[in-house]
Amino acid sequence: MKVLPFLSLRPRLPRLPGPRLSTALLGATVLELVVLTGHLAAYPFGLTQERVPQERRTPDLPQGPPTLPGSPAAERPVVLLHGFIDNRSVFVLLRRALARHGRRHLASLNYSPLTRDLRTAAELLGRHVEEMCARTGQREVEIVGHSLGGLIARYYVQRLGGDHRVRTLVTLGTPHGGTAVAPGAGLHPIVRQMRGGSPLIEELRLPAPGCRTRFVSFWSELDQVMVPVGTACVDHPDLDAVNVRVTGIGHLALPVHPAVAAAVREALESQESQESQESQEFREDTAPSTGTSSVA
């Protein structure tokens with residue numbers, strides 16, 4: 001994956017800079033307030049579930065060769081899952097960025113803030129994924145989850161067998177290891193589940209042999225909701241995970257910042273490119289030699 005100026009791929013948590021963070025923290029805090037103001041204005045428009053689109057062909061356009069459902073060439077749907085006490089409006093900009101680059105099957109799922117168990121939300125996500133696959137004819141989806149949304153998606157993948165449906169899970173500021181700071185800590189049952197050492201966090205530490213989902217976790221050194229900041233990294237010996245360090249922005253800006261959106265898109269497309277290359281190599285290995293070569 002191409003590394004953007006303020007992003008770096010790190011499989012392990014690097015050492016963070018010290019005093020120089022103060023100026024950056026001030027800038028990130030101002031940006032957080034701007035993002036919060038904009039999000040509060042958009043919040044009412046995301047309270048309802050989005051309408052399910054009707055999948056249909058456009059008869060005026062020439063039809064290309066048929067694509068087998070679930071093949072590397074087919075376009076996987078992307079499911080967007082918001083964080084705690086939030087809704088699908090948080091993904092307006094990210095969704096627009098993905099759509100501009102050819103993603104046609106995009107869906108945002110709202111789960112109720114009254115849900116008292118993360119596992120219940122994960123089961124709802126599983127039903128939503130099955131419906132999405134049935135509607136689009138795909139065998140797999142990709143998920144982008146912000147904060148708690150990423151943790152719900154991880155539980156679905158790791159503990160409810162969702163790895164056979166989710167090819168790539170991208171998380172943005174998700175407390176994979178549990179966080180010591182969360183709004184309303186101790187008051188809401190799901191908030192208690194997000195704290196370090198909770199039974200649910202410990203459940204996610206259990207072995208997960210053979211998990212097929214690829215994880216890409218974005219974490220920010222200025223994320224004031226993730227304490228410590230390294231808790232937003234995926235650290236599990238059985239999981240195929242890449243942790244992406246983000247500098248200069250905080251928790252709320254992760255799903256709306258254009259550079260993060262570009263990196264998320266690259267994370268999803270890199271998997272498609274890798275599988276297309278593997279498919280091409282397989283065809284070259286198995287096809288009879290003709291003495292010619294071609295470049296796609």
# chains A, B, ... in the order shown; residues from 1 in each chain; ligands from 1

call {"tool": "select_by_dssp", "arguments": {"residues": "segment 129-247 of chain A", "states": "strand (DSSP E or B)", "output": "list in words"}}
result
Val141, Glu142, Ile143, Val144, Gly145, His146, Val166, Arg167, Thr168, Leu169, Val170, Thr171, Leu172, Arg214, Phe215, Val216, Ser217, Phe218, Trp219, Ser220, Asp240, Ala241, Val242, Asn243, Val244, Arg245 and Val246 of chain A

call {"tool": "atom_distance", "arguments": {"atom1": "atom CA of Gly83 of chain A", "atom2": "atom CA of Arg212 of chain A"}}
result
24.1 Å

call {"tool": "residues_around", "arguments": {"residues": "segment 255-263 of chain A", "least_positions_apart": "3", "cutoff": "10 Å", "atoms": "only C-alpha atoms", "output": "mmCIF file with C-alpha atoms, in the first residue's frame"}}
result
data_model
loop_
_atom_site.group_PDB
_atom_site.id
_atom_site.type_symbol
_atom_site.label_atom_id
_atom_site.label_comp_id
_atom_site.auth_asym_id
_atom_site.auth_seq_id
_atom_site.Cartn_x
_atom_site.Cartn_y
_atom_site.Cartn_z
ATOM 1 C CA MET A 1 0.000 0.000 0.000
ATOM 2 C CA LYS A 2 1.243 3.470 -0.822
ATOM 3 C CA VAL A 3 2.100 5.410 2.320
ATOM 4 C CA LEU A 4 0.551 8.889 2.482
ATOM 5 C CA PRO A 5 2.490 11.783 4.041
ATOM 6 C CA PHE A 6 0.867 11.449 7.449
ATOM 7 C CA LEU A 7 0.311 7.697 7.432
ATOM 8 C CA VAL A 35 -15.852 17.998 12.917
ATOM 9 C CA HIS A 39 -21.552 16.154 12.574
ATOM 10 C CA HIS A 82 -20.793 3.732 13.064
ATOM 11 C CA VAL A 90 -20.765 10.002 10.169
ATOM 12 C CA PHE A 91 -19.867 8.260 6.900
ATOM 13 C CA VAL A 92 -21.292 10.796 4.460
ATOM 14 C CA LEU A 93 -17.870 11.961 3.219
ATOM 15 C CA LEU A 94 -16.212 8.529 3.257
ATOM 16 C CA ARG A 95 -19.154 7.008 1.411
ATOM 17 C CA ARG A 96 -18.993 9.751 -1.220
ATOM 18 C CA ALA A 97 -15.258 9.163 -1.682
ATOM 19 C CA LEU A 98 -15.756 5.419 -2.171
ATOM 20 C CA HIS A 101 -14.012 5.614 -7.197
ATOM 21 C CA VAL A 144 -15.398 -0.277 7.590
ATOM 22 C CA GLY A 145 -16.147 0.366 11.256
ATOM 23 C CA HIS A 146 -15.530 3.494 13.313
ATOM 24 C CA SER A 147 -14.805 3.142 17.040
ATOM 25 C CA THR A 171 -11.334 -0.226 11.698
ATOM 26 C CA LEU A 172 -10.953 3.461 12.561
ATOM 27 C CA GLY A 173 -10.079 4.261 16.176
ATOM 28 C CA PHE A 218 -6.139 2.862 11.671
ATOM 29 C CA VAL A 244 -1.793 2.060 10.221
ATOM 30 C CA VAL A 246 -2.285 8.325 11.680
ATOM 31 C CA ILE A 249 -5.963 14.181 13.816
ATOM 32 C CA HIS A 251 -10.934 10.347 17.093
ATOM 33 C CA LEU A 252 -13.850 12.160 15.440
ATOM 34 C CA GLU A 266 -6.366 1.878 -0.995
ATOM 35 C CA ALA A 267 -6.646 -0.728 1.750
ATOM 36 C CA LEU A 268 -9.742 -2.163 0.085
ATOM 37 C CA GLU A 269 -8.384 -1.939 -3.445
#

call {"tool": "closest_residue", "arguments": {"among": "A:His188, A:Pro44, A:Ala208, A:Ala180", "to": "Gly230 of chain A", "atoms": "only C-alpha atoms"}}
result
A:Ala180

call {"tool": "closest_residue", "arguments": {"among": "A:Pro175, A:Gly210, A:Pro77, A:Gly38", "to": "Arg139 of chain A", "atoms": "only C-alpha atoms"}}
result
A:Pro77

call {"tool": "select_by_dssp", "arguments": {"residues": "segment 58-142 of chain A", "states": "helix (DSSP H, G or I)", "output": "ChimeraX atom specification"}}
result
/A:88-100,118-136

call {"tool": "write_last_selection", "arguments": {"atoms": "C-alpha atoms", "output": "short mmCIF file (atom, residue, chain, number, x, y, z; two decimals), in the first residue's frame"}}
result
data_model
loop_
_atom_site.label_atom_id
_atom_site.label_comp_id
_atom_site.auth_asym_id
_atom_site.auth_seq_id
_atom_site.Cartn_x
_atom_site.Cartn_y
_atom_site.Cartn_z
CA ARG A 88 -24.76 6.50 9.56
CA SER A 89 -24.37 10.25 8.96
CA VAL A 90 -20.76 10.00 10.17
CA PHE A 91 -19.87 8.26 6.90
CA VAL A 92 -21.29 10.80 4.46
CA LEU A 93 -17.87 11.96 3.22
CA LEU A 94 -16.21 8.53 3.26
CA ARG A 95 -19.15 7.01 1.41
CA ARG A 96 -18.99 9.75 -1.22
CA ALA A 97 -15.26 9.16 -1.68
CA LEU A 98 -15.76 5.42 -2.17
CA ALA A 99 -18.64 5.98 -4.58
CA ARG A 100 -16.55 8.40 -6.67
CA LEU A 118 -22.32 -5.74 21.80
CA ARG A 119 -22.97 -9.36 20.88
CA THR A 120 -26.57 -8.49 19.97
CA ALA A 121 -25.32 -5.75 17.63
CA ALA A 122 -22.88 -8.24 16.09
CA GLU A 123 -25.76 -10.66 15.40
CA LEU A 124 -27.70 -7.82 13.74
CA LEU A 125 -24.65 -7.07 11.60
CA GLY A 126 -24.49 -10.72 10.57
CA ARG A 127 -28.10 -10.66 9.36
CA HIS A 128 -27.44 -7.43 7.49
CA VAL A 129 -24.40 -8.95 5.77
CA GLU A 130 -26.40 -12.02 4.70
CA GLU A 131 -29.09 -9.77 3.23
CA MET A 132 -26.44 -7.71 1.42
CA CYS A 133 -24.87 -10.82 -0.10
CA ALA A 134 -28.25 -12.17 -1.20
CA ARG A 135 -29.20 -8.85 -2.79
CA THR A 136 -25.94 -8.30 -4.69
#

call {"tool": "atom_distance", "arguments": {"atom1": "atom CA of Val234 of chain A", "atom2": "atom CA of Gly177 of chain A"}}
result
7.7 Å

call {"tool": "atom_distance", "arguments": {"atom1": "atom CA of Ala232 of chain A", "atom2": "atom CA of Arg195 of chain A"}}
result
12.2 Å

call {"tool": "closest_residue", "arguments": {"among": "A:Asn87, A:Gln138, A:Arg154, A:Val181", "to": "Gln224 of chain A", "atoms": "only C-alpha atoms"}}
result
A:Val181

call {"tool": "residues_around", "arguments": {"residues": "Glu221 of chain A", "least_positions_apart": "6", "cutoff": "8 Å", "atoms": "only C-alpha atoms", "output": "NGL selection string"}}
result
:A and (16 or 229 or 245-248 or 250)

call {"tool": "write_last_selection", "arguments": {"atoms": "all heavy atoms", "output": "CSV table (one decimal), in the first residue's frame"}}
result
chain,number,residue,atom,x,y,z
A,16,LEU,N,6.3,6.7,20.3
A,16,LEU,CA,5.7,8.0,20.0
A,16,LEU,C,6.5,9.2,20.4
A,16,LEU,O,7.3,9.1,21.4
A,16,LEU,CB,4.3,8.1,20.7
A,16,LEU,CG,3.3,7.1,20.3
A,16,LEU,CD1,2.0,7.3,21.1
A,16,LEU,CD2,3.0,7.1,18.8
A,229,VAL,N,-3.2,4.9,23.5
A,229,VAL,CA,-3.5,5.0,22.0
A,229,VAL,C,-3.3,3.6,21.3
A,229,VAL,O,-3.9,3.3,20.3
A,229,VAL,CB,-2.7,6.1,21.4
A,229,VAL,CG1,-3.2,7.4,21.8
A,229,VAL,CG2,-1.2,5.9,21.6
A,245,ARG,N,-0.7,3.8,11.4
A,245,ARG,CA,-0.5,5.0,12.3
A,245,ARG,C,-0.9,6.3,11.6
A,245,ARG,O,-0.5,6.6,10.5
A,245,ARG,CB,0.9,5.1,12.8
A,245,ARG,CG,1.1,6.3,13.7
A,245,ARG,CD,2.6,6.3,14.1
A,245,ARG,NE,2.9,7.5,14.9
A,245,ARG,CZ,4.1,7.8,15.4
A,245,ARG,NH1,5.1,7.0,15.2
A,245,ARG,NH2,4.3,8.9,16.1
A,246,VAL,N,-1.8,7.0,12.2
A,246,VAL,CA,-2.3,8.3,11.7
A,246,VAL,C,-1.8,9.4,12.6
A,246,VAL,O,-1.9,9.3,13.8
A,246,VAL,CB,-3.8,8.4,11.6
A,246,VAL,CG1,-4.3,9.7,11.0
A,246,VAL,CG2,-4.4,7.2,10.8
A,247,THR,N,-1.2,10.5,12.0
A,247,THR,CA,-0.8,11.6,12.9
A,247,THR,C,-1.5,12.9,12.5
A,247,THR,O,-2.0,13.1,11.4
A,247,THR,CB,0.7,11.8,12.6
A,247,THR,OG1,1.0,12.2,11.3
A,247,THR,CG2,1.5,10.6,13.0
A,248,GLY,N,-1.7,13.7,13.5
A,248,GLY,CA,-2.3,15.0,13.3
A,248,GLY,C,-3.8,15.2,13.4
A,248,GLY,O,-4.3,16.3,13.4
A,250,GLY,N,-7.6,13.6,15.5
A,250,GLY,CA,-8.2,12.9,16.6
A,250,GLY,C,-9.2,11.9,16.2
A,250,GLY,O,-9.4,11.5,15.1

call {"tool": "residues_around", "arguments": {"residues": "Val166 of chain A", "least_positions_apart": "6", "cutoff": "9 Å", "atoms": "only C-alpha atoms", "output": "VMD selection string"}}
result
chain A and resid 129 139 to 143 157 212 to 214

call {"tool": "closest_residue", "arguments": {"among": "A:Leu206, A:Arg159, A:Ala253, A:Val264", "to": "Val34 of chain A", "atoms": "only C-alpha atoms"}}
result
A:Ala253
